[in-house]
$ cat run-v4.cif   # mmCIF, C-alpha atoms and all ligand atoms
data_protein
#
loop_
_atom_site.label_atom_id
_atom_site.label_comp_id
_atom_site.auth_asym_id
_atom_site.auth_seq_id
_atom_site.Cartn_x
_atom_site.Cartn_y
_atom_site.Cartn_z
CA MET A 1478 28.75 -31.08 -35.97
CA ALA A 1479 26.09 -30.75 -33.27
CA GLY A 1480 23.34 -29.82 -35.74
CA CYS A 1481 23.70 -33.22 -37.45
CA ALA A 1482 23.51 -35.32 -34.31
CA SER A 1483 20.45 -37.52 -33.65
CA SER A 1484 18.92 -38.28 -30.25
CA THR A 1485 20.40 -41.74 -30.32
CA GLU A 1486 23.91 -40.41 -30.90
CA VAL A 1487 24.11 -37.84 -28.16
CA GLY A 1488 23.57 -37.92 -24.41
CA SER A 1489 20.71 -36.04 -22.72
CA ALA A 1490 22.86 -33.05 -21.82
CA ALA A 1491 24.11 -32.75 -25.36
CA VAL A 1492 20.52 -32.83 -26.65
CA ALA A 1493 19.65 -30.02 -24.29
CA GLU A 1494 22.58 -28.03 -25.56
CA VAL A 1495 21.47 -28.56 -29.13
CA MET A 1496 17.93 -27.49 -28.32
CA PHE A 1497 18.96 -24.29 -26.62
CA LYS A 1498 21.21 -23.37 -29.51
CA GLY A 1499 18.01 -23.41 -31.57
CA GLU A 1500 19.26 -26.16 -33.81
CA ILE A 1501 16.33 -28.49 -33.29
CA ASN A 1502 13.64 -28.76 -35.91
CA GLU A 1503 11.39 -31.39 -37.39
CA ALA A 1504 13.86 -31.88 -40.24
CA ASN A 1505 16.63 -33.27 -38.06
CA GLY A 1506 14.12 -35.65 -36.52
CA LEU A 1507 14.40 -34.49 -32.95
CA LYS A 1508 11.02 -33.44 -31.59
CA GLN A 1509 10.84 -30.75 -28.94
CA THR A 1510 9.02 -33.02 -26.46
CA GLN A 1511 11.81 -35.56 -26.77
CA ALA A 1512 14.34 -32.84 -26.18
CA LEU A 1513 12.51 -31.63 -23.08
CA THR A 1514 12.36 -35.18 -21.77
CA ALA A 1515 16.09 -35.39 -22.37
CA VAL A 1516 16.62 -32.17 -20.40
CA GLU A 1517 14.54 -33.53 -17.51
CA THR A 1518 16.48 -36.76 -17.60
CA ALA A 1519 19.75 -34.86 -17.56
CA LEU A 1520 18.55 -32.81 -14.59
CA GLY A 1521 17.49 -35.92 -12.70
CA THR A 1522 14.14 -34.40 -11.56
CA PRO A 1523 10.99 -33.39 -13.48
CA PHE A 1524 10.35 -29.73 -14.29
CA SER A 1525 8.29 -28.06 -11.59
CA ASN A 1526 5.08 -26.25 -12.46
CA SER A 1527 4.73 -24.61 -9.02
CA PRO A 1528 5.15 -20.82 -8.65
CA GLN A 1529 8.82 -20.00 -8.14
CA VAL A 1530 8.08 -17.71 -5.21
CA PRO A 1531 5.13 -17.54 -2.81
CA PRO A 1532 2.47 -14.88 -3.50
CA PRO A 1533 3.29 -11.46 -1.97
CA LYS A 1534 2.06 -10.91 1.58
CA PRO A 1535 -0.77 -8.43 2.22
CA LEU A 1536 0.45 -4.92 2.96
CA VAL A 1537 -0.62 -2.34 5.49
CA ILE A 1538 -0.06 1.04 3.85
CA VAL A 1539 -0.19 4.11 6.07
CA ILE A 1540 -0.77 7.39 4.26
CA SER A 1541 0.00 10.42 6.36
CA GLY A 1542 1.03 14.05 6.10
CA PRO A 1543 0.06 17.52 7.28
CA SER A 1544 -3.51 18.76 7.27
CA GLY A 1545 -4.56 20.02 3.85
CA VAL A 1546 -1.82 18.22 1.92
CA GLY A 1547 -4.42 16.08 0.15
CA LYS A 1548 -4.68 12.79 2.08
CA ASP A 1549 -8.44 12.49 1.54
CA ALA A 1550 -8.20 13.49 -2.12
CA VAL A 1551 -5.39 10.99 -2.76
CA ILE A 1552 -7.17 8.15 -0.98
CA LYS A 1553 -10.43 8.87 -2.79
CA ARG A 1554 -8.64 8.60 -6.13
CA LEU A 1555 -6.68 5.54 -5.00
CA GLN A 1556 -10.00 3.90 -4.14
CA GLU A 1557 -11.09 4.43 -7.73
CA VAL A 1558 -7.95 3.07 -9.35
CA ARG A 1559 -7.11 0.20 -6.97
CA ARG A 1560 -10.43 -1.30 -6.01
CA GLU A 1561 -8.76 -4.40 -4.58
CA PHE A 1562 -7.47 -2.44 -1.58
CA HIS A 1563 -9.38 -2.22 1.65
CA PHE A 1564 -9.69 1.33 2.95
CA VAL A 1565 -10.10 1.18 6.67
CA VAL A 1566 -13.22 2.76 8.07
CA THR A 1567 -12.59 4.80 11.23
CA ALA A 1568 -14.74 4.33 14.34
CA THR A 1569 -16.10 7.57 15.81
CA THR A 1570 -18.25 8.67 18.70
CA ARG A 1571 -19.54 11.74 16.89
CA SER A 1572 -23.11 11.65 15.63
CA LYS A 1573 -23.91 10.78 12.07
CA ARG A 1574 -24.23 13.73 9.66
CA PRO A 1575 -26.93 13.75 6.95
CA GLY A 1576 -25.89 11.51 4.08
CA GLU A 1577 -23.30 9.56 6.08
CA VAL A 1578 -23.62 5.78 6.12
CA ASP A 1579 -22.57 3.61 9.07
CA GLY A 1580 -19.79 1.24 8.02
CA ILE A 1581 -18.96 3.25 4.91
CA ASP A 1582 -18.09 6.77 6.08
CA TYR A 1583 -17.44 5.79 9.69
CA TYR A 1584 -18.42 3.18 12.23
CA PHE A 1585 -20.63 5.19 14.55
CA VAL A 1586 -20.23 3.90 18.10
CA THR A 1587 -21.23 5.13 21.54
CA LYS A 1588 -18.65 6.55 23.98
CA GLU A 1589 -19.06 3.38 26.08
CA GLU A 1590 -18.36 1.14 23.07
CA PHE A 1591 -15.34 3.25 22.18
CA ARG A 1592 -14.04 3.11 25.75
CA LYS A 1593 -14.31 -0.69 25.66
CA LEU A 1594 -12.26 -0.75 22.44
CA ILE A 1595 -9.59 1.35 24.20
CA ASP A 1596 -9.63 -0.84 27.33
CA ASP A 1597 -9.37 -4.02 25.25
CA LYS A 1598 -6.43 -2.48 23.30
CA GLU A 1599 -8.45 -3.07 20.15
CA LEU A 1600 -7.53 0.23 18.49
CA LEU A 1601 -4.44 0.73 16.33
CA GLU A 1602 -4.53 4.40 17.23
CA PHE A 1603 -7.12 6.85 18.49
CA ALA A 1604 -7.50 10.55 19.14
CA LEU A 1605 -9.91 12.95 20.76
CA VAL A 1606 -10.96 15.40 18.05
CA TYR A 1607 -13.10 18.35 19.16
CA GLY A 1608 -14.67 16.34 21.98
CA ASP A 1609 -15.28 13.17 19.98
CA TYR A 1610 -13.14 10.06 19.70
CA LYS A 1611 -11.87 8.68 16.41
CA GLY A 1612 -9.88 5.47 16.08
CA ILE A 1613 -8.87 2.58 13.84
CA PRO A 1614 -10.22 -0.80 14.96
CA LYS A 1615 -7.54 -3.52 14.83
CA GLN A 1616 -10.12 -6.17 13.95
CA GLN A 1617 -10.74 -4.64 10.53
CA VAL A 1618 -7.05 -4.83 9.73
CA ARG A 1619 -6.80 -8.40 11.04
CA ASP A 1620 -9.79 -9.52 8.95
CA CYS A 1621 -8.30 -8.07 5.77
CA ILE A 1622 -4.87 -9.52 6.31
CA SER A 1623 -6.28 -12.97 6.97
CA LYS A 1624 -8.12 -12.72 3.62
CA GLY A 1625 -4.87 -11.65 1.90
CA LEU A 1626 -6.14 -8.10 1.23
CA ASP A 1627 -3.97 -4.98 1.29
CA VAL A 1628 -5.09 -2.36 3.79
CA VAL A 1629 -4.78 1.40 3.41
CA LEU A 1630 -4.92 3.63 6.49
CA ARG A 1631 -5.17 7.42 6.50
CA VAL A 1632 -3.83 9.03 9.65
CA ASP A 1633 -2.25 12.25 10.82
CA VAL A 1634 1.46 12.32 11.57
CA GLN A 1635 0.99 11.64 15.29
CA GLY A 1636 -1.29 8.71 14.43
CA ALA A 1637 1.36 7.32 12.09
CA ALA A 1638 3.86 7.44 14.97
CA THR A 1639 1.47 5.47 17.17
CA ILE A 1640 0.92 2.86 14.45
CA ARG A 1641 4.68 2.62 13.95
CA SER A 1642 5.09 1.88 17.66
CA ILE A 1643 2.74 -1.11 17.18
CA LEU A 1644 3.60 -2.36 13.69
CA GLY A 1645 7.20 -1.14 13.41
CA SER A 1646 8.70 -1.77 10.00
CA ASN A 1647 5.97 -4.24 9.10
CA ALA A 1648 3.77 -1.52 7.63
CA VAL A 1649 4.64 0.84 4.78
CA PHE A 1650 4.65 4.48 5.85
CA ILE A 1651 4.13 7.15 3.19
CA PHE A 1652 4.44 10.86 3.95
CA LEU A 1653 2.59 13.22 1.61
CA VAL A 1654 3.95 16.74 1.23
CA ALA A 1655 2.95 19.73 -0.86
CA GLU A 1656 5.62 21.17 -3.13
CA SER A 1657 5.99 24.17 -0.82
CA GLU A 1658 4.49 25.73 2.29
CA VAL A 1659 2.88 28.39 0.10
CA ALA A 1660 1.14 25.65 -1.90
CA LEU A 1661 -0.11 24.03 1.32
CA VAL A 1662 -1.48 27.37 2.61
CA LYS A 1663 -3.20 27.99 -0.73
CA ARG A 1664 -4.78 24.52 -0.64
CA LEU A 1665 -6.09 25.03 2.88
CA ALA A 1666 -7.41 28.48 1.97
CA GLU A 1667 -9.17 27.17 -1.14
CA ARG A 1668 -10.80 24.39 0.87
CA LYS A 1669 -12.55 27.19 2.82
CA THR A 1670 -12.98 25.02 5.91
CA GLU A 1671 -10.54 26.86 8.18
CA SER A 1672 -10.70 30.08 10.18
CA ILE A 1673 -7.50 32.19 10.38
CA ASP A 1674 -6.77 30.74 13.85
CA LYS A 1675 -7.16 27.20 12.60
CA MET A 1676 -4.94 27.93 9.59
CA VAL A 1677 -2.21 29.27 11.90
CA LEU A 1678 -2.46 26.14 14.02
CA ARG A 1679 -2.42 23.83 10.99
CA ILE A 1680 0.60 25.45 9.35
CA ALA A 1681 2.55 25.62 12.64
CA THR A 1682 1.71 21.93 13.16
CA ALA A 1683 2.72 21.13 9.56
CA ARG A 1684 6.17 22.65 10.23
CA GLU A 1685 6.62 20.39 13.24
CA GLU A 1686 5.30 17.37 11.35
CA LEU A 1687 7.74 17.86 8.49
CA LYS A 1688 10.57 17.37 11.01
CA ARG A 1689 9.36 13.77 11.44
CA LEU A 1690 9.81 12.91 7.78
CA GLN A 1691 12.77 10.64 8.60
CA GLU A 1692 10.44 8.25 10.45
CA PHE A 1693 8.71 7.37 7.15
CA ASP A 1694 9.68 4.93 4.38
CA TYR A 1695 8.64 7.11 1.45
CA VAL A 1696 7.86 10.75 0.77
CA VAL A 1697 5.56 11.67 -2.10
CA VAL A 1698 5.10 15.25 -3.32
CA ASN A 1699 1.44 15.96 -4.03
CA ALA A 1700 2.05 18.94 -6.27
CA ASP A 1701 -0.66 21.37 -7.26
CA GLY A 1702 -2.82 19.97 -10.05
CA GLN A 1703 -0.82 16.73 -10.02
CA LEU A 1704 -3.12 14.43 -8.08
CA GLU A 1705 -2.94 11.72 -10.78
CA LYS A 1706 0.87 11.73 -10.63
CA THR A 1707 0.75 11.44 -6.83
CA VAL A 1708 -1.59 8.45 -7.00
CA LYS A 1709 0.55 6.84 -9.71
CA THR A 1710 3.67 7.22 -7.55
CA ILE A 1711 1.88 5.60 -4.61
CA CYS A 1712 0.78 2.71 -6.85
CA CYS A 1713 4.43 2.30 -7.97
CA ILE A 1714 5.56 2.19 -4.32
CA ILE A 1715 2.97 -0.49 -3.57
CA ASP A 1716 4.00 -2.52 -6.63
CA ALA A 1717 7.66 -2.26 -5.61
CA GLU A 1718 6.77 -3.36 -2.06
CA LYS A 1719 5.03 -6.41 -3.58
CA ALA A 1720 8.29 -7.28 -5.32
CA ARG A 1721 10.46 -7.14 -2.19
CA VAL A 1722 12.51 -10.24 -1.50
CA LEU A 1723 12.06 -9.80 2.25
CA GLN A 1724 8.33 -9.25 2.62
CA ARG A 1725 6.86 -7.28 5.51
CA THR A 1726 4.60 -9.38 7.74
CA VAL A 1727 1.90 -7.75 9.83
CA THR A 1728 0.70 -9.43 13.01
CA ILE A 1729 -1.64 -7.59 15.35
N1 LIG A 1801 -2.66 17.74 -6.01
C1 LIG A 1801 -3.58 18.65 -5.66
N2 LIG A 1801 -3.70 19.80 -6.35
C2 LIG A 1801 -4.63 20.71 -6.03
N3 LIG A 1801 -5.49 20.60 -5.01
C3 LIG A 1801 -5.42 19.48 -4.28
C4 LIG A 1801 -4.47 18.44 -4.55
N4 LIG A 1801 -4.64 17.46 -3.65
C5 LIG A 1801 -5.64 17.85 -2.84
N5 LIG A 1801 -6.11 19.06 -3.21
C6 LIG A 1801 -7.18 19.86 -2.56
O1 LIG A 1801 -6.61 20.38 -1.36
C7 LIG A 1801 -7.59 20.46 -0.34
C8 LIG A 1801 -7.11 19.67 0.88
O2 LIG A 1801 -7.12 18.29 0.55
P1 LIG A 1801 -7.64 17.16 1.56
O3 LIG A 1801 -8.89 17.61 2.26
O4 LIG A 1801 -7.65 15.89 0.80
O5 LIG A 1801 -6.42 17.22 2.59
P2 LIG A 1801 -6.18 16.33 3.91
O6 LIG A 1801 -4.72 16.06 3.94
O7 LIG A 1801 -7.09 15.16 3.89
O8 LIG A 1801 -6.58 17.37 5.03
P3 LIG A 1801 -7.05 17.10 6.57
O9 LIG A 1801 -5.97 16.31 7.22
O10 LIG A 1801 -7.19 18.49 7.12
O11 LIG A 1801 -8.37 16.37 6.48
C9 LIG A 1801 -8.88 19.91 -0.94
O12 LIG A 1801 -9.68 20.98 -1.36
C10 LIG A 1801 -8.38 19.07 -2.11
O13 LIG A 1801 -9.36 18.97 -3.13
#

$ encode --input "run-v4.cif" --output "structure tokens" --more "lines below"
Ligand SMILES: Nc1ncnc2c1ncn2[C@@H]1O[C@H](COP(=O)(O)OP(=O)(O)OP(=O)(O)O)[C@@H](O)[C@H]1O
Amino acid sequence: MAGCASSTEVGSAAVAEVMFKGEINEANGLKQTQALTAVETALGTPFSNSPQVPPPKPLVIVISGPSGVGKDAVIKRLQEVRREFHFVVTATTRSKRPGEVDGIDYYFVTKEEFRKLIDDKELLEFALVYGDYKGIPKQQVRDCISKGLDVVLRVDVQGAATIRSILGSNAVFIFLVAESEVALVKRLAERKTESIDKMVLRIATAREELKRLQEFDYVVVNADGQLEKTVKTICCIIDAEKARVLQRTVTI
């Protein structure tokens, strides 16, 4: 009977078998360390203590969606719950507003500096917004990736398309939607930042943007009063991306 065998009576493989059947104890004289040595001997190589897989690669996560859907609100909350992420700071040519801090709210640059960034192809994407330029400097993303940090970008749907043309499937693209158009309108109205004309433009644009949903990897519904759930879903997506066998690799 296997339970009665001693280490001198059985071969290494048999000892291993005994051990894994849970039949080893001090009483039968076979110490666990001896058994493990026997397993190693049977295997022919020592047990390895190295991680079984390399650490996950840093991610570039692009959060997009129509105006008013809640991109800023979601990112603000994400910043609170996942402090290890780097939230890219946009460069802008507009002048600093009271309370804004250079390097935290925006990188405030001159039009000449911005033009040089465009000429040097050093922007992931840029847009002219009400006469001022806004863009995402590539260097910030490069610096984070080289330090192994995950990067979160917040862009409109057109901006996401531009980034996709540069990074392809190497970034993770998340499309935020409201639960309905009515909910989106209500959210924009409650924000009280839009005139009627601007609301018309934003909702008409949102309809067009929704048609581009297929270009994204994930869609997350940011339902009314459910900001926490939205952020939790995004965290789950990021965790799942970290567990992918084929990791995305960003090079820019
Ligand atoms: N889940 C939610 N439930 C209720 N209100 C929300 C939710 N998410 C965001 N909001 C509110 O909706 C309004 C629009 O959100 P936010 O400004 O974050 O949208 P945005 O997508 O960043 O818009 P834009 O692209 O125009 O800057 C804000 O007043 C915000 O507080």

$ closest_residue --input "run-v4.cif" --among "A:Asp1609, A:Glu1671, A:Asp1549, A:Glu1577" --to "ligand LIG 1801 (chain A)" --atoms "only C-alpha atoms and all ligand atoms"
A:Asp1549

$ residues_near_ligand --input "run-v4.cif" --ligand "ligand LIG 1801 (chain A)" --cutoff "7 Å" --atoms "all atoms listed in the file" --output "list in words"
Gly1542, Pro1543, Ser1544, Gly1545, Val1546, Gly1547, Lys1548, Asp1549, Ala1550, Val1551, Asp1633, Arg1664, Leu1665, Glu1667, Arg1668, Asn1699, Ala1700, Asp1701, Gly1702, Gln1703 and Leu1704 of chain A

$ closest_residue --input "run-v4.cif" --among "A:Glu1561, A:Glu1686, A:Asp1694, A:Glu1517" --to "Ala1648 of chain A" --atoms "all atoms listed in the file"
A:Asp1694

$ atom_distance --input "run-v4.cif" --atom1 "atom CA of Gln1617 of chain A" --atom2 "atom CA of Val1566 of chain A"
8.2 Å

$ residues_around --input "run-v4.cif" --residues "Leu1723 of chain A" --least-positions-apart "6" --cutoff "12 Å" --atoms "only C-alpha atoms" --output "list of chain:residue names"
A:Val1530, A:Pro1531, A:Pro1533, A:Lys1534, A:Ser1646, A:Asn1647, A:Ala1717

$ write_last_selection --input "run-v4.cif" --atoms "C-alpha atoms" --output "tab-separated table (two decimals), in the coordinates of the input"
chain	number	residue	atom	x	y	z
A	1530	VAL	CA	8.08	-17.71	-5.21
A	1531	PRO	CA	5.13	-17.54	-2.81
A	1533	PRO	CA	3.29	-11.46	-1.97
A	1534	LYS	CA	2.06	-10.91	1.58
A	1646	SER	CA	8.70	-1.77	10.00
A	1647	ASN	CA	5.97	-4.24	9.10
A	1717	ALA	CA	7.66	-2.26	-5.61

$ atom_distance --input "run-v4.cif" --atom1 "atom CA of Arg1725 of chain A" --atom2 "atom CA of Leu1536 of chain A"
7.3 Å

$ axis_aligned_box --input "run-v4.cif" --around "segment 1617-1623 of chain A" --padding-each-side "6 Å" --output "JSON"
{"center_x": -7.8, "center_y": -8.8, "center_z": 8.4, "size_x": 17.9, "size_y": 20.3, "size_z": 17.3}

$ residues_around --input "run-v4.cif" --residues "Arg1641 of chain A" --least-positions-apart "2" --cutoff "12 Å" --atoms "only C-alpha atoms" --output "PyMOL selection string"
chain A and resi 1537-1539+1541+1601-1602+1632+1634-1639+1643-1651+1692-1694+1727

$ atom_distance --input "run-v4.cif" --atom1 "atom CA of Ile1595 of chain A" --atom2 "atom CA of Gly1612 of chain A"
9.1 Å

$ residues_around --input "run-v4.cif" --residues "segment 1569-1573 of chain A" --least-positions-apart "3" --cutoff "7 Å" --atoms "all atoms listed in the file" --output "PyMOL selection string"
chain A and resi 1577+1583-1588+1609-1612

$ write_last_selection --input "run-v4.cif" --atoms "C-alpha atoms" --output "PDB file, in the coordinates of the input"
ATOM      1  CA  GLU A1577     -23.300   9.560   6.080  1.00  0.00           C
ATOM      2  CA  TYR A1583     -17.440   5.790   9.690  1.00  0.00           C
ATOM      3  CA  TYR A1584     -18.420   3.180  12.230  1.00  0.00           C
ATOM      4  CA  PHE A1585     -20.630   5.190  14.550  1.00  0.00           C
ATOM      5  CA  VAL A1586     -20.230   3.900  18.100  1.00  0.00           C
ATOM      6  CA  THR A1587     -21.230   5.130  21.540  1.00  0.00           C
ATOM      7  CA  LYS A1588     -18.650   6.550  23.980  1.00  0.00           C
ATOM      8  CA  ASP A1609     -15.280  13.170  19.980  1.00  0.00           C
ATOM      9  CA  TYR A1610     -13.140  10.060  19.700  1.00  0.00           C
ATOM     10  CA  LYS A1611     -11.870   8.680  16.410  1.00  0.00           C
ATOM     11  CA  GLY A1612      -9.880   5.470  16.080  1.00  0.00           C
TER      12      GLY A1612
END

$ residues_around --input "run-v4.cif" --residues "Lys1709 of chain A" --least-positions-apart "6" --cutoff "12 Å" --atoms "only C-alpha atoms" --output "mmCIF file with C-alpha atoms, in the frame of the given file"
data_model
loop_
_atom_site.group_PDB
_atom_site.id
_atom_site.type_symbol
_atom_site.label_atom_id
_atom_site.label_comp_id
_atom_site.auth_asym_id
_atom_site.auth_seq_id
_atom_site.Cartn_x
_atom_site.Cartn_y
_atom_site.Cartn_z
ATOM 1 C CA VAL A 1551 -5.390 10.990 -2.760
ATOM 2 C CA ILE A 1552 -7.170 8.150 -0.980
ATOM 3 C CA ARG A 1554 -8.640 8.600 -6.130
ATOM 4 C CA LEU A 1555 -6.680 5.540 -5.000
ATOM 5 C CA VAL A 1558 -7.950 3.070 -9.350
ATOM 6 C CA ARG A 1559 -7.110 0.200 -6.970
ATOM 7 C CA VAL A 1697 5.560 11.670 -2.100
ATOM 8 C CA VAL A 1698 5.100 15.250 -3.320
ATOM 9 C CA ASN A 1699 1.440 15.960 -4.030
ATOM 10 C CA GLN A 1703 -0.820 16.730 -10.020
ATOM 11 C CA ILE A 1715 2.970 -0.490 -3.570
ATOM 12 C CA ASP A 1716 4.000 -2.520 -6.630
#
